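Asker: Here you go, this is work-v1.txt (compact mmCIF, C-alpha atoms and all ligand atoms).
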```txt
# COMPACT_ATOMS: atom_id res chain seq x y z
CA MET A 19 0.00 0.00 0.00
CA ILE A 20 2.83 2.38 0.93
CA GLU A 21 4.32 2.40 -2.56
CA ARG A 22 0.98 3.49 -4.03
CA PHE A 23 1.52 6.94 -2.46
CA ASP A 24 4.46 8.84 -3.90
CA PRO A 25 5.57 11.75 -1.71
CA LEU A 26 7.39 13.29 -4.68
CA LYS A 27 4.00 13.64 -6.38
CA GLY A 28 2.47 15.15 -3.25
CA GLU A 29 0.37 12.04 -2.57
CA ARG A 30 -0.78 11.38 1.00
CA LEU A 31 -2.24 8.17 2.37
CA ARG A 32 -5.64 8.77 3.91
CA ILE A 33 -8.36 6.21 4.62
CA LEU A 34 -10.95 8.29 6.52
CA ASP A 35 -12.07 11.69 5.33
CA GLU A 36 -13.05 14.35 7.85
CA ALA A 37 -16.61 13.02 7.98
CA GLY A 38 -15.26 9.55 8.86
CA GLU A 39 -16.11 8.11 5.44
CA PRO A 40 -13.64 5.29 4.61
CA ARG A 41 -11.90 4.50 1.34
CA SER A 42 -12.95 0.89 1.16
CA ASP A 43 -10.01 -0.30 -1.00
CA LEU A 44 -7.58 0.76 1.77
CA ASP A 45 -9.53 -0.10 4.93
CA PRO A 46 -7.30 -2.44 7.01
CA GLY A 47 -10.36 -4.56 7.90
CA LEU A 48 -9.95 -4.63 11.68
CA PRO A 49 -12.61 -6.47 13.69
CA ASP A 50 -15.12 -4.30 15.57
CA THR A 51 -13.53 -4.93 18.98
CA GLU A 52 -10.14 -3.72 17.71
CA LEU A 53 -11.68 -0.62 16.17
CA ARG A 54 -13.23 0.24 19.51
CA THR A 55 -9.90 -0.44 21.23
CA LEU A 56 -8.25 2.16 18.99
CA TYR A 57 -10.87 4.70 20.02
CA GLU A 58 -10.60 3.82 23.71
CA ARG A 59 -6.81 4.23 23.61
CA MET A 60 -7.16 7.65 21.99
CA ALA A 61 -9.75 8.68 24.58
CA ARG A 62 -7.50 7.53 27.43
CA THR A 63 -4.59 9.45 25.93
CA ARG A 64 -6.61 12.64 25.64
CA ALA A 65 -7.87 12.34 29.21
CA ALA A 66 -4.39 11.62 30.58
CA ASP A 67 -2.96 14.57 28.66
CA ALA A 68 -5.63 16.99 29.88
CA LYS A 69 -5.00 15.81 33.45
CA ALA A 70 -1.25 16.39 33.12
CA LEU A 71 -1.89 20.00 32.09
CA LYS A 72 -4.16 20.56 35.10
CA LEU A 73 -1.59 19.01 37.45
CA GLN A 74 1.10 21.28 36.04
CA ARG A 75 -1.05 24.37 36.57
CA GLN A 76 -1.64 23.28 40.17
CA GLY A 77 2.07 22.88 40.80
CA ARG A 78 1.78 19.08 41.08
CA LEU A 79 3.72 18.25 37.88
CA GLY A 80 6.68 19.94 36.18
CA THR A 81 7.08 21.29 32.66
CA TYR A 82 5.00 19.12 30.34
CA PRO A 83 4.77 18.73 26.52
CA PRO A 84 1.11 18.20 25.58
CA SER A 85 0.06 15.52 23.08
CA ARG A 86 -3.41 16.78 22.08
CA GLY A 87 -3.86 16.33 18.33
CA HIS A 88 -1.28 13.52 18.17
CA GLU A 89 -3.53 10.72 19.43
CA ALA A 90 -4.11 9.04 16.06
CA CYS A 91 -0.36 9.03 15.33
CA GLN A 92 0.58 7.61 18.70
CA VAL A 93 -2.20 5.06 19.05
CA GLY A 94 -2.13 4.01 15.37
CA LEU A 95 1.61 3.35 15.42
CA ALA A 96 1.82 1.67 18.84
CA SER A 97 -1.21 -0.53 18.08
CA ALA A 98 0.61 -1.92 15.04
CA MET A 99 3.74 -2.84 17.04
CA GLY A 100 4.45 -6.34 18.36
CA ARG A 101 5.60 -7.26 21.89
CA ASP A 102 9.14 -7.99 20.71
CA ASP A 103 9.62 -4.80 18.70
CA TRP A 104 11.67 -1.99 20.28
CA PHE A 105 10.67 1.62 20.73
CA PHE A 106 12.98 4.66 20.94
CA PRO A 107 10.72 7.55 21.97
CA TYR A 108 10.91 11.31 21.96
CA PHE A 109 9.41 13.61 24.55
CA ARG A 110 5.83 13.93 23.23
CA ASP A 111 4.65 10.32 23.09
CA LEU A 112 1.98 9.85 25.76
CA GLY A 113 -0.33 7.70 23.59
CA MET A 114 2.57 5.43 22.63
CA TYR A 115 3.24 4.74 26.31
CA ILE A 116 -0.41 4.16 27.13
CA THR A 117 -0.90 1.83 24.17
CA LEU A 118 2.29 -0.15 24.79
CA GLY A 119 1.18 -0.75 28.38
CA TYR A 120 3.63 1.47 30.23
CA PRO A 121 2.16 2.34 33.65
CA LEU A 122 0.67 5.84 33.48
CA ALA A 123 1.69 6.38 37.12
CA ASP A 124 5.33 5.96 36.04
CA TYR A 125 4.89 8.39 33.17
CA TYR A 126 3.38 11.01 35.49
CA HIS A 127 6.07 10.33 38.09
CA LEU A 128 8.71 11.15 35.50
CA TRP A 129 7.12 14.49 34.58
CA MET A 130 6.70 15.15 38.31
CA GLY A 131 10.48 15.28 38.34
CA ASN A 132 11.49 11.81 39.47
CA GLU A 133 13.64 9.84 37.06
CA ALA A 134 12.43 6.61 38.67
CA GLY A 135 9.41 7.02 36.39
CA LEU A 136 11.69 6.46 33.42
CA ARG A 137 12.77 2.96 34.46
CA THR A 138 10.94 0.77 31.96
CA PRO A 139 9.30 -2.27 33.59
CA ASP A 140 10.58 -5.72 32.57
CA GLY A 141 8.91 -7.05 29.45
CA LEU A 142 8.52 -3.68 27.73
CA ASN A 143 11.08 -2.78 25.07
CA ILE A 144 11.09 0.98 25.53
CA TYR A 145 14.27 3.02 25.64
CA PRO A 146 14.42 6.10 27.91
CA ILE A 147 12.91 9.31 26.49
CA ALA A 148 15.31 11.45 24.45
CA ILE A 149 15.15 15.13 25.35
CA PRO A 150 18.01 16.21 23.00
CA VAL A 151 16.17 16.54 19.69
CA GLY A 152 16.96 13.68 17.29
CA SER A 153 19.48 11.86 19.50
CA GLN A 154 17.27 8.76 19.63
CA ILE A 155 17.49 8.24 15.87
CA PRO A 156 21.07 6.86 15.59
CA GLN A 157 20.45 4.88 18.77
CA ALA A 158 17.43 3.23 17.16
CA VAL A 159 19.53 2.45 14.09
CA GLY A 160 22.17 0.85 16.32
CA ALA A 161 19.50 -1.32 17.92
CA GLY A 162 18.22 -2.20 14.45
CA LEU A 163 21.69 -3.25 13.37
CA ALA A 164 22.07 -5.37 16.51
CA ALA A 165 18.76 -7.09 15.72
CA ARG A 166 20.04 -7.86 12.22
CA TYR A 167 23.31 -9.32 13.52
CA ARG A 168 21.36 -11.46 15.96
CA LYS A 169 18.85 -12.45 13.27
CA LEU A 170 15.90 -11.38 15.43
CA PRO A 171 12.65 -10.99 13.48
CA ILE A 172 11.84 -7.65 15.09
CA ALA A 173 11.40 -4.03 14.08
CA VAL A 174 12.82 -0.98 15.85
CA VAL A 175 10.62 2.10 15.91
CA THR A 176 11.63 5.65 16.65
CA THR A 177 9.45 8.75 16.81
CA PHE A 178 10.51 12.38 16.35
CA GLY A 179 9.14 15.73 15.22
CA ASP A 180 9.56 17.79 12.08
CA GLY A 181 12.22 19.82 13.92
CA ALA A 182 14.41 16.73 14.36
CA THR A 183 14.75 16.35 10.59
CA SER A 184 17.20 19.29 10.54
CA GLU A 185 19.54 17.57 12.97
CA GLY A 186 22.69 15.76 11.86
CA ASP A 187 21.50 12.75 13.84
CA PHE A 188 18.51 12.38 11.51
CA HIS A 189 20.65 12.37 8.35
CA GLU A 190 23.36 10.14 9.78
CA GLY A 191 20.82 7.71 11.19
CA LEU A 192 18.76 7.39 8.02
CA ASN A 193 21.83 7.19 5.81
CA PHE A 194 23.25 4.35 7.89
CA ALA A 195 19.88 2.59 7.96
CA GLY A 196 19.64 2.73 4.18
CA VAL A 197 23.14 1.38 3.60
CA PHE A 198 22.83 -1.46 6.12
CA ARG A 199 19.11 -2.10 5.54
CA THR A 200 18.35 -2.03 9.24
CA PRO A 201 14.84 -3.06 10.41
CA ASN A 202 13.83 0.48 11.40
CA VAL A 203 10.58 2.37 11.14
CA PHE A 204 11.28 6.10 11.33
CA PHE A 205 8.07 7.86 12.34
CA CYS A 206 8.05 11.63 12.01
CA LEU A 207 5.18 13.50 13.65
CA ASN A 208 5.11 16.54 11.43
CA ASN A 209 2.99 18.79 13.64
CA GLN A 210 3.91 21.93 11.63
CA PHE A 211 6.05 23.51 14.37
CA ALA A 212 9.29 23.10 16.25
CA ILE A 213 8.44 25.35 19.18
CA SER A 214 7.77 28.59 17.21
CA VAL A 215 9.60 27.60 14.02
CA PRO A 216 7.07 26.70 11.31
CA ARG A 217 7.53 23.71 9.05
CA THR A 218 8.24 26.00 6.05
CA ARG A 219 11.38 27.28 7.81
CA GLN A 220 12.50 23.78 8.79
CA THR A 221 13.18 22.37 5.33
CA ALA A 222 12.87 23.42 1.69
CA SER A 223 11.66 19.90 0.78
CA ALA A 224 8.00 19.78 -0.20
CA THR A 225 7.49 16.85 2.19
CA ILE A 226 9.53 15.16 4.89
CA ALA A 227 8.61 11.71 3.53
CA GLN A 228 10.47 12.38 0.27
CA LYS A 229 13.77 12.62 2.15
CA ALA A 230 13.71 8.80 2.29
CA VAL A 231 14.26 8.71 -1.47
CA ALA A 232 17.72 10.19 -0.98
CA TYR A 233 18.58 7.46 1.52
CA GLY A 234 17.38 4.70 -0.77
CA PHE A 235 14.30 3.38 0.99
CA PRO A 236 10.55 4.03 0.93
CA GLY A 237 8.97 7.10 2.47
CA VAL A 238 5.27 7.80 2.78
CA GLN A 239 3.24 10.73 3.99
CA VAL A 240 0.09 9.74 5.88
CA ASP A 241 -2.76 11.76 7.28
CA GLY A 242 -1.74 11.83 10.94
CA ASN A 243 -5.27 12.59 12.11
CA ASP A 244 -6.57 9.38 10.56
CA VAL A 245 -5.86 6.52 12.94
CA LEU A 246 -6.64 3.87 10.30
CA ALA A 247 -4.16 5.37 7.84
CA VAL A 248 -1.45 5.54 10.49
CA PHE A 249 -2.19 1.99 11.61
CA ALA A 250 -2.18 0.58 8.06
CA ALA A 251 1.07 2.29 7.04
CA SER A 252 2.78 1.35 10.30
CA ARG A 253 1.67 -2.28 10.10
CA GLU A 254 3.08 -2.60 6.59
CA ALA A 255 6.38 -0.86 7.42
CA LEU A 256 6.84 -2.96 10.58
CA ALA A 257 6.11 -6.22 8.79
CA ASN A 258 8.56 -5.31 6.05
CA ALA A 259 11.28 -4.47 8.57
CA ARG A 260 10.80 -7.74 10.47
CA ILE A 261 11.34 -9.88 7.36
CA GLY A 262 14.53 -8.10 6.30
CA GLY A 263 12.94 -5.68 3.84
CA GLY A 264 14.77 -2.69 5.29
CA PRO A 265 13.68 0.64 6.76
CA THR A 266 10.74 2.96 6.03
CA LEU A 267 10.19 6.62 6.79
CA ILE A 268 6.61 7.54 7.70
CA GLU A 269 5.71 11.21 7.87
CA ALA A 270 2.46 11.70 9.79
CA TYR A 271 0.99 15.02 8.74
CA THR A 272 -0.69 16.48 11.81
CA TYR A 273 -0.88 19.50 14.11
CA ARG A 274 0.18 20.24 17.67
CA MET A 275 -3.09 21.48 19.15
CA GLY A 276 -1.57 22.73 22.40
CA ASP A 277 1.44 24.81 23.32
CA HIS A 278 4.91 23.38 22.78
CA THR A 279 5.16 22.84 26.52
CA THR A 280 3.55 24.37 29.58
CA SER A 281 6.31 27.03 29.38
CA ASP A 282 5.19 28.18 25.92
CA ASP A 283 2.40 30.41 24.60
CA ALA A 284 1.64 29.38 21.01
CA ALA A 285 -0.80 32.28 20.58
CA ARG A 286 2.32 34.42 20.12
CA TYR A 287 3.20 32.79 16.81
CA ARG A 288 0.09 31.24 15.24
CA SER A 289 -3.42 32.42 14.49
CA LYS A 290 -6.65 31.42 16.18
CA GLU A 291 -8.12 30.65 12.74
CA GLU A 292 -5.38 28.15 11.96
CA VAL A 293 -5.95 26.33 15.26
CA GLN A 294 -9.73 26.33 14.71
CA GLU A 295 -9.27 24.81 11.28
CA TRP A 296 -7.35 21.93 12.82
CA GLU A 297 -9.98 21.52 15.56
CA ARG A 298 -12.30 20.40 12.77
CA LYS A 299 -9.80 17.69 11.80
CA ASP A 300 -9.71 16.32 15.39
CA PRO A 301 -8.60 12.68 15.18
CA LEU A 302 -11.04 11.50 17.85
CA LEU A 303 -13.99 13.23 16.24
CA ARG A 304 -13.20 11.72 12.84
CA PHE A 305 -12.93 8.22 14.22
CA ARG A 306 -16.11 8.68 16.24
CA HIS A 307 -17.95 9.53 12.99
CA TYR A 308 -16.54 6.37 11.41
CA LEU A 309 -17.55 4.18 14.37
CA GLY A 310 -21.00 5.79 14.38
CA LYS A 311 -21.55 4.87 10.74
CA LYS A 312 -20.65 1.28 11.61
CA GLY A 313 -23.06 1.23 14.56
CA LEU A 314 -20.15 1.04 17.01
CA TRP A 315 -20.59 4.39 18.72
CA ASP A 316 -23.46 6.04 20.61
CA GLU A 317 -23.83 8.34 23.63
CA ALA A 318 -24.02 5.47 26.12
CA TYR A 319 -20.79 3.97 24.76
CA GLU A 320 -19.13 7.40 24.86
CA LYS A 321 -20.08 7.81 28.52
CA SER A 322 -18.63 4.43 29.42
CA VAL A 323 -15.40 5.25 27.54
CA GLN A 324 -15.05 8.61 29.32
CA ASP A 325 -15.83 7.10 32.74
CA GLU A 326 -13.26 4.39 32.22
CA ALA A 327 -10.65 6.94 31.01
CA THR A 328 -11.26 9.15 34.06
CA ALA A 329 -10.87 6.22 36.47
CA PHE A 330 -7.69 5.10 34.66
CA VAL A 331 -6.20 8.59 34.96
CA GLU A 332 -7.23 9.24 38.55
CA ASP A 333 -5.81 5.89 39.71
CA ALA A 334 -2.50 6.78 38.06
CA VAL A 335 -2.37 10.23 39.66
CA ALA A 336 -3.06 8.77 43.12
CA GLU A 337 -0.35 6.16 42.63
CA ALA A 338 2.21 8.66 41.30
CA GLU A 339 1.57 11.15 44.12
CA ALA A 340 1.91 8.44 46.76
CA ARG A 341 5.50 7.82 45.65
CA PRO A 342 8.52 9.65 47.04
CA VAL A 343 9.38 12.99 45.49
CA ALA A 344 12.85 13.46 44.05
CA THR A 345 15.55 14.69 46.42
CA LEU A 346 18.22 17.25 45.61
CA GLU A 347 20.79 14.42 45.76
CA ASP A 348 18.93 12.55 43.01
CA ILE A 349 19.94 15.23 40.50
CA PHE A 350 23.59 14.26 41.00
CA ALA A 351 23.34 10.57 41.85
CA TYR A 352 23.18 8.64 38.59
CA THR A 353 26.03 9.76 36.34
CA TYR A 354 29.22 9.19 38.34
CA ALA A 355 30.08 6.36 40.75
CA VAL A 356 32.12 8.90 42.74
CA THR A 357 30.79 12.47 42.63
CA PRO A 358 33.51 14.81 41.23
CA PRO A 359 34.43 17.82 43.43
CA ASP A 360 32.79 20.43 41.18
CA LEU A 361 29.45 18.60 41.28
CA ALA A 362 29.78 18.11 45.04
CA ALA A 363 30.23 21.89 45.32
CA GLN A 364 27.15 22.48 43.16
CA LEU A 365 25.11 20.16 45.38
CA ALA A 366 26.28 22.04 48.48
CA ASP A 367 25.31 25.36 46.85
CA LEU A 368 21.92 23.99 45.88
CA LYS A 369 21.26 22.72 49.38
CA ALA A 370 22.20 26.09 50.85
CA PHE A 371 19.92 27.83 48.32
CA ALA A 372 17.03 25.48 49.04
CA GLY A 373 17.67 25.80 52.77
CA GLU A 374 17.04 29.53 52.48
CA GLY A 375 13.50 28.71 51.35
CA ARG A 376 14.02 30.15 47.89
CA ARG A 377 13.16 27.00 45.86
C1 LIG A 401 19.60 19.17 20.33
C2 LIG A 401 18.50 20.03 20.88
N1 LIG A 401 18.36 21.29 20.43
C3 LIG A 401 17.37 22.08 20.91
C4 LIG A 401 16.53 21.62 21.90
C5 LIG A 401 15.40 22.50 22.43
N2 LIG A 401 14.15 21.99 21.88
C6 LIG A 401 13.35 21.18 22.60
S1 LIG A 401 12.01 20.69 21.73
C7 LIG A 401 12.47 21.57 20.38
C8 LIG A 401 11.63 21.59 19.13
C9 LIG A 401 11.31 20.22 18.65
O1 LIG A 401 10.40 20.30 17.56
P1 LIG A 401 9.96 19.00 16.81
O2 LIG A 401 11.13 18.13 16.55
O3 LIG A 401 9.15 19.42 15.64
O4 LIG A 401 9.04 18.23 17.87
P2 LIG A 401 7.69 18.76 18.54
O5 LIG A 401 8.11 19.48 19.77
O6 LIG A 401 7.00 19.64 17.55
O7 LIG A 401 6.86 17.56 18.88
C10 LIG A 401 13.67 22.24 20.61
C11 LIG A 401 14.34 23.11 19.64
C12 LIG A 401 16.73 20.29 22.36
N3 LIG A 401 15.93 19.75 23.28
N4 LIG A 401 17.70 19.52 21.82
MG MG A 402 7.12 19.68 15.49
```
Could I get this structure in the form of structure tokens?
Answerer:
Amino acid sequence: MIERFDPLKGERLRILDEAGEPRSDLDPGLPDTELRTLYERMARTRAADAKALKLQRQGRLGTYPPSRGHEACQVGLASAMGRDDWFFPYFRDLGMYITLGYPLADYYHLWMGNEAGLRTPDGLNIYPIAIPVGSQIPQAVGAGLAARYRKLPIAVVTTFGDGATSEGDFHEGLNFAGVFRTPNVFFCLNNQFAISVPRTRQTASATIAQKAVAYGFPGVQVDGNDVLAVFAASREALANARIGGGPTLIEAYTYRMGDHTTSDDAARYRSKEEVQEWERKDPLLRFRHYLGKKGLWDEAYEKSVQDEATAFVEDAVAEAEARPVATLEDIFAYTYAVTPPDLAAQLADLKAFAGEGRR
């Protein structure tokens, strides 16, 4: 299916239009229960994201990068992954974590400032979150190469934004992946902005997907607000990677509905009209229309989904807040076996500063 959409011709894979009407020749044919699961995962993600923003405003959680608008990308991709595949995340991936089964309490704990929340439980193949933009890409390629050497039939997924495609790590990673045909799926969430830098200032390429052509492997642009399109493209790219078919670049064309982080004010650099236009393309709304046409959605179902999502989120908040908060020592504890004198001095300064009640 991927090769039917040529990014150099401006073609974009879309299965559901904004009214939720499917293109029947491309519909991945998921059973009803799985369709509802996709919706429930997106609803959970939206509820968990909204809660994180409230917690931040109440001083109960630190700086947070909101995921609203990205639900179809995150849930569509993660739902197509297998238990043995690996995932190298970036910092705006809430729905990936929820879908892959990472405890939400851990995810909140991390953004509450305790790195213990970043310790992936046994059985989940998730690398720690990369905050330096693009640094996860060569790491994912390295893991892909290791899988090839070990003849493991797995795929290695990495996510990143449009901004990451200007980093050297992106070019080096994709070049290496093309040459060594590593089993990678490179998933770019093109949400039109890197903080305040618009996509048009990020690259002169007409699409991000077409960059794959230069590295010698397939690239496809998908409608990132269409969970079925994301799922179908991801499933195909993952299956291809697992059988030795090499890497794929997927560009999910979407929009960051919220601010870059809770420290940002996006109203400073984009218009209300633009945001409103994207509200109409809301990935949850579109999928709800689709489910409704299939007789899989009504008000009673919606209420049960929202109630379940609220309970899921509130349980996670209670669990995260019952855990110990990070100490000042924690900031220095995990890099060196023996703390060097300059860091010891910084810790002493910090303690004195905190002791003065000026935190
Ligand atoms: C190497 C590096 N440079 C700069 C930053 C500061 N920074 C954090 S997020 C960001 C923009 C990222 O934009 P994009 O890749 O499009 O992802 P998005 O935030 O839109 O999801 C920047 C410049 C950083 N974290 N790492
Ligand atoms: Mg971006």
Asker: Hey, which residues sit close to ligand MG 402 (chain A)? Say within 10 Å, counting all atoms listed in the file, and write them as a compact mmCIF listing (two decimals) with C-alpha atoms, in the frame of the given file.
Answerer:
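What follows is the written file part-v2.txt:
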```txt
# COMPACT_ATOMS: atom_id res chain seq x y z
CA ARG A 110 5.83 13.93 23.23
CA PHE A 178 10.51 12.38 16.35
CA GLY A 179 9.14 15.73 15.22
CA ASP A 180 9.56 17.79 12.08
CA GLY A 181 12.22 19.82 13.92
CA ALA A 182 14.41 16.73 14.36
CA THR A 183 14.75 16.35 10.59
CA CYS A 206 8.05 11.63 12.01
CA LEU A 207 5.18 13.50 13.65
CA ASN A 208 5.11 16.54 11.43
CA ASN A 209 2.99 18.79 13.64
CA GLN A 210 3.91 21.93 11.63
CA PHE A 211 6.05 23.51 14.37
CA ALA A 212 9.29 23.10 16.25
CA ILE A 213 8.44 25.35 19.18
CA SER A 214 7.77 28.59 17.21
CA VAL A 215 9.60 27.60 14.02
CA PRO A 216 7.07 26.70 11.31
CA ARG A 217 7.53 23.71 9.05
CA GLN A 220 12.50 23.78 8.79
CA THR A 272 -0.69 16.48 11.81
CA TYR A 273 -0.88 19.50 14.11
CA ARG A 274 0.18 20.24 17.67
CA HIS A 278 4.91 23.38 22.78
```
Asker: What lies within 9 Å of Met130 of chain A using all atoms listed in the file, ignoring chain neighbours under 2 positions off, as JSON, numbers by chain?
Answerer: {"A": [74, 78, 79, 80, 81, 125, 126, 127, 128, 132, 133, 135, 338, 339, 343, 344]}
Asker: Output C-alpha atoms for every residue in the selection just made, as a PDB file, keeping the file's coordinate frame.
Answerer:
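Dumped to again.pdb:
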```
ATOM      1  CA  GLN A  74       1.100  21.280  36.040  1.00  0.00           C
ATOM      2  CA  ARG A  78       1.780  19.080  41.080  1.00  0.00           C
ATOM      3  CA  LEU A  79       3.720  18.250  37.880  1.00  0.00           C
ATOM      4  CA  GLY A  80       6.680  19.940  36.180  1.00  0.00           C
ATOM      5  CA  THR A  81       7.080  21.290  32.660  1.00  0.00           C
ATOM      6  CA  TYR A 125       4.890   8.390  33.170  1.00  0.00           C
ATOM      7  CA  TYR A 126       3.380  11.010  35.490  1.00  0.00           C
ATOM      8  CA  HIS A 127       6.070  10.330  38.090  1.00  0.00           C
ATOM      9  CA  LEU A 128       8.710  11.150  35.500  1.00  0.00           C
ATOM     10  CA  ASN A 132      11.490  11.810  39.470  1.00  0.00           C
ATOM     11  CA  GLU A 133      13.640   9.840  37.060  1.00  0.00           C
ATOM     12  CA  GLY A 135       9.410   7.020  36.390  1.00  0.00           C
ATOM     13  CA  ALA A 338       2.210   8.660  41.300  1.00  0.00           C
ATOM     14  CA  GLU A 339       1.570  11.150  44.120  1.00  0.00           C
ATOM     15  CA  VAL A 343       9.380  12.990  45.490  1.00  0.00           C
ATOM     16  CA  ALA A 344      12.850  13.460  44.050  1.00  0.00           C
TER      17      ALA A 344
END
```
Asker: Quick check, in Å to one decimal: how far apart do atom C7 of ligand LIG 401 (chain A) and atom CA of Val151 of chain A lie?
Answerer: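 Taking atom C7 of ligand LIG 401 (chain A) and atom CA of Val151 of chain A, their separation equals 6.3 Å.
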Asker: For a quick check of understanding, using all atoms listed in the file, which of A:Val248, A:Leu170, A:Leu118, A:Ala195 has the smallest distance to Ile261 of chain A?
Answerer: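 Once distances to Ile261 of chain A are computed over all atoms listed in the file, the minimum belongs to A:Leu170.
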Asker: Using all atoms listed in the file, which residues sit within 12 Å of Pro301 of chain A once same-chain residues fewer than 4 positions away are excluded, as number ranges by chain?
Answerer: A: 34-38, 56-57, 60-61, 63-64, 86-94, 241-248, 271-275, 296-297, 305-308
Asker: Between A:Gly100, A:Pro40, A:Gly131, A:Gly28, single out the one closest to Thr117 of chain A, counting all atoms listed in the file.
Answerer: A:Gly100
Asker: Do a neighbour search on segment 139-150 of chain A at 6 Å with all atoms listed in the file, toss out local chain neighbours closer than 2 positions, and write the hits as a ChimeraX atom specification.
Answerer: /A:104-109,153-154
Asker: For the residues in that selection, give me C-alpha atoms as a PDB file, in the coordinates of the input.
Answerer:
```pdb
ATOM      1  CA  TRP A 104      11.670  -1.990  20.280  1.00  0.00           C
ATOM      2  CA  PHE A 105      10.670   1.620  20.730  1.00  0.00           C
ATOM      3  CA  PHE A 106      12.980   4.660  20.940  1.00  0.00           C
ATOM      4  CA  PRO A 107      10.720   7.550  21.970  1.00  0.00           C
ATOM      5  CA  TYR A 108      10.910  11.310  21.960  1.00  0.00           C
ATOM      6  CA  PHE A 109       9.410  13.610  24.550  1.00  0.00           C
ATOM      7  CA  SER A 153      19.480  11.860  19.500  1.00  0.00           C
ATOM      8  CA  GLN A 154      17.270   8.760  19.630  1.00  0.00           C
TER       9      GLN A 154
END
```
Asker: Report the distance between atom CA of Leu303 of chain A and atom CA of Asp67 of chain A in Å, rounded to one decimal place.
Answerer: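 One can read the atom CA of Leu303 of chain A to atom CA of Asp67 of chain A distance as 16.7 Å.
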Asker: Rank nothing, just name the residue among A:Leu31, A:Leu53, A:Leu112, A:Ala123 nearest to Ala336 of chain A, using all atoms listed in the file.
Answerer: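 Closest residue, counting all atoms listed in the file: A:Ala123.
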Asker: Let me have the centre and edge lengths in Å, one decimal, of the box along x, y and z around every listed atom of segment 141-151 of chain A with 6 Å of margin on each side, as AutoDock Vina command-line options.
Answerer:
```
--center_x 13.3 --center_y 4.7 --center_z 24.6 --size_x 21.5 --size_y 35.6 --size_z 21.8
```
Asker: So the first atom is atom CA of Thr177 of chain A and the second is atom C3 of ligand LIG 401 (chain A); what is the distance between them in Å, to one decimal place?
Answerer: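 Atom C3 of ligand LIG 401 (chain A) lies at a distance of 16.0 Å from atom CA of Thr177 of chain A.
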Asker: Pick out the closest residue to ligand LIG 401 (chain A) from this set: A:Tyr354, A:Tyr319, A:Tyr115, A:Tyr82. Count all atoms listed in the file.
Answerer: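 Looking at the shortest contact to ligand LIG 401 (chain A), the residue is A:Tyr82.
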Asker: Using only C-alpha atoms and all ligand atoms, which residue out of A:Asp103, A:Asp124, A:Asp282, A:Asp24 lies closest to ligand LIG 401 (chain A)?
Answerer: A:Asp282
Asker: Compare A:Pro121, A:Lys321, A:Thr328, A:Glu58 by their minimum atom-to-atom distance to Arg137 of chain A, counting all atoms listed in the file, and give me the closest one.
Answerer: A:Pro121
Asker: Kindly extract all protein, DNA and RNA residues lying within 9 Å of the coordinates (20.2, 5.5, -2.4) given in the file, considering all atoms listed in the file, and supply them as a VMD selection string.
Answerer: chain A and resid 193 196 to 197 230 to 235
Asker: Name all residues at most 10 Å from Thr200 of chain A (count all atoms listed in the file; drop same-chain ones fewer than 4 positions away) and give them as a ChimeraX atom specification.
Answerer: /A:158-167,173-174,192,194-196,259-260,262-266
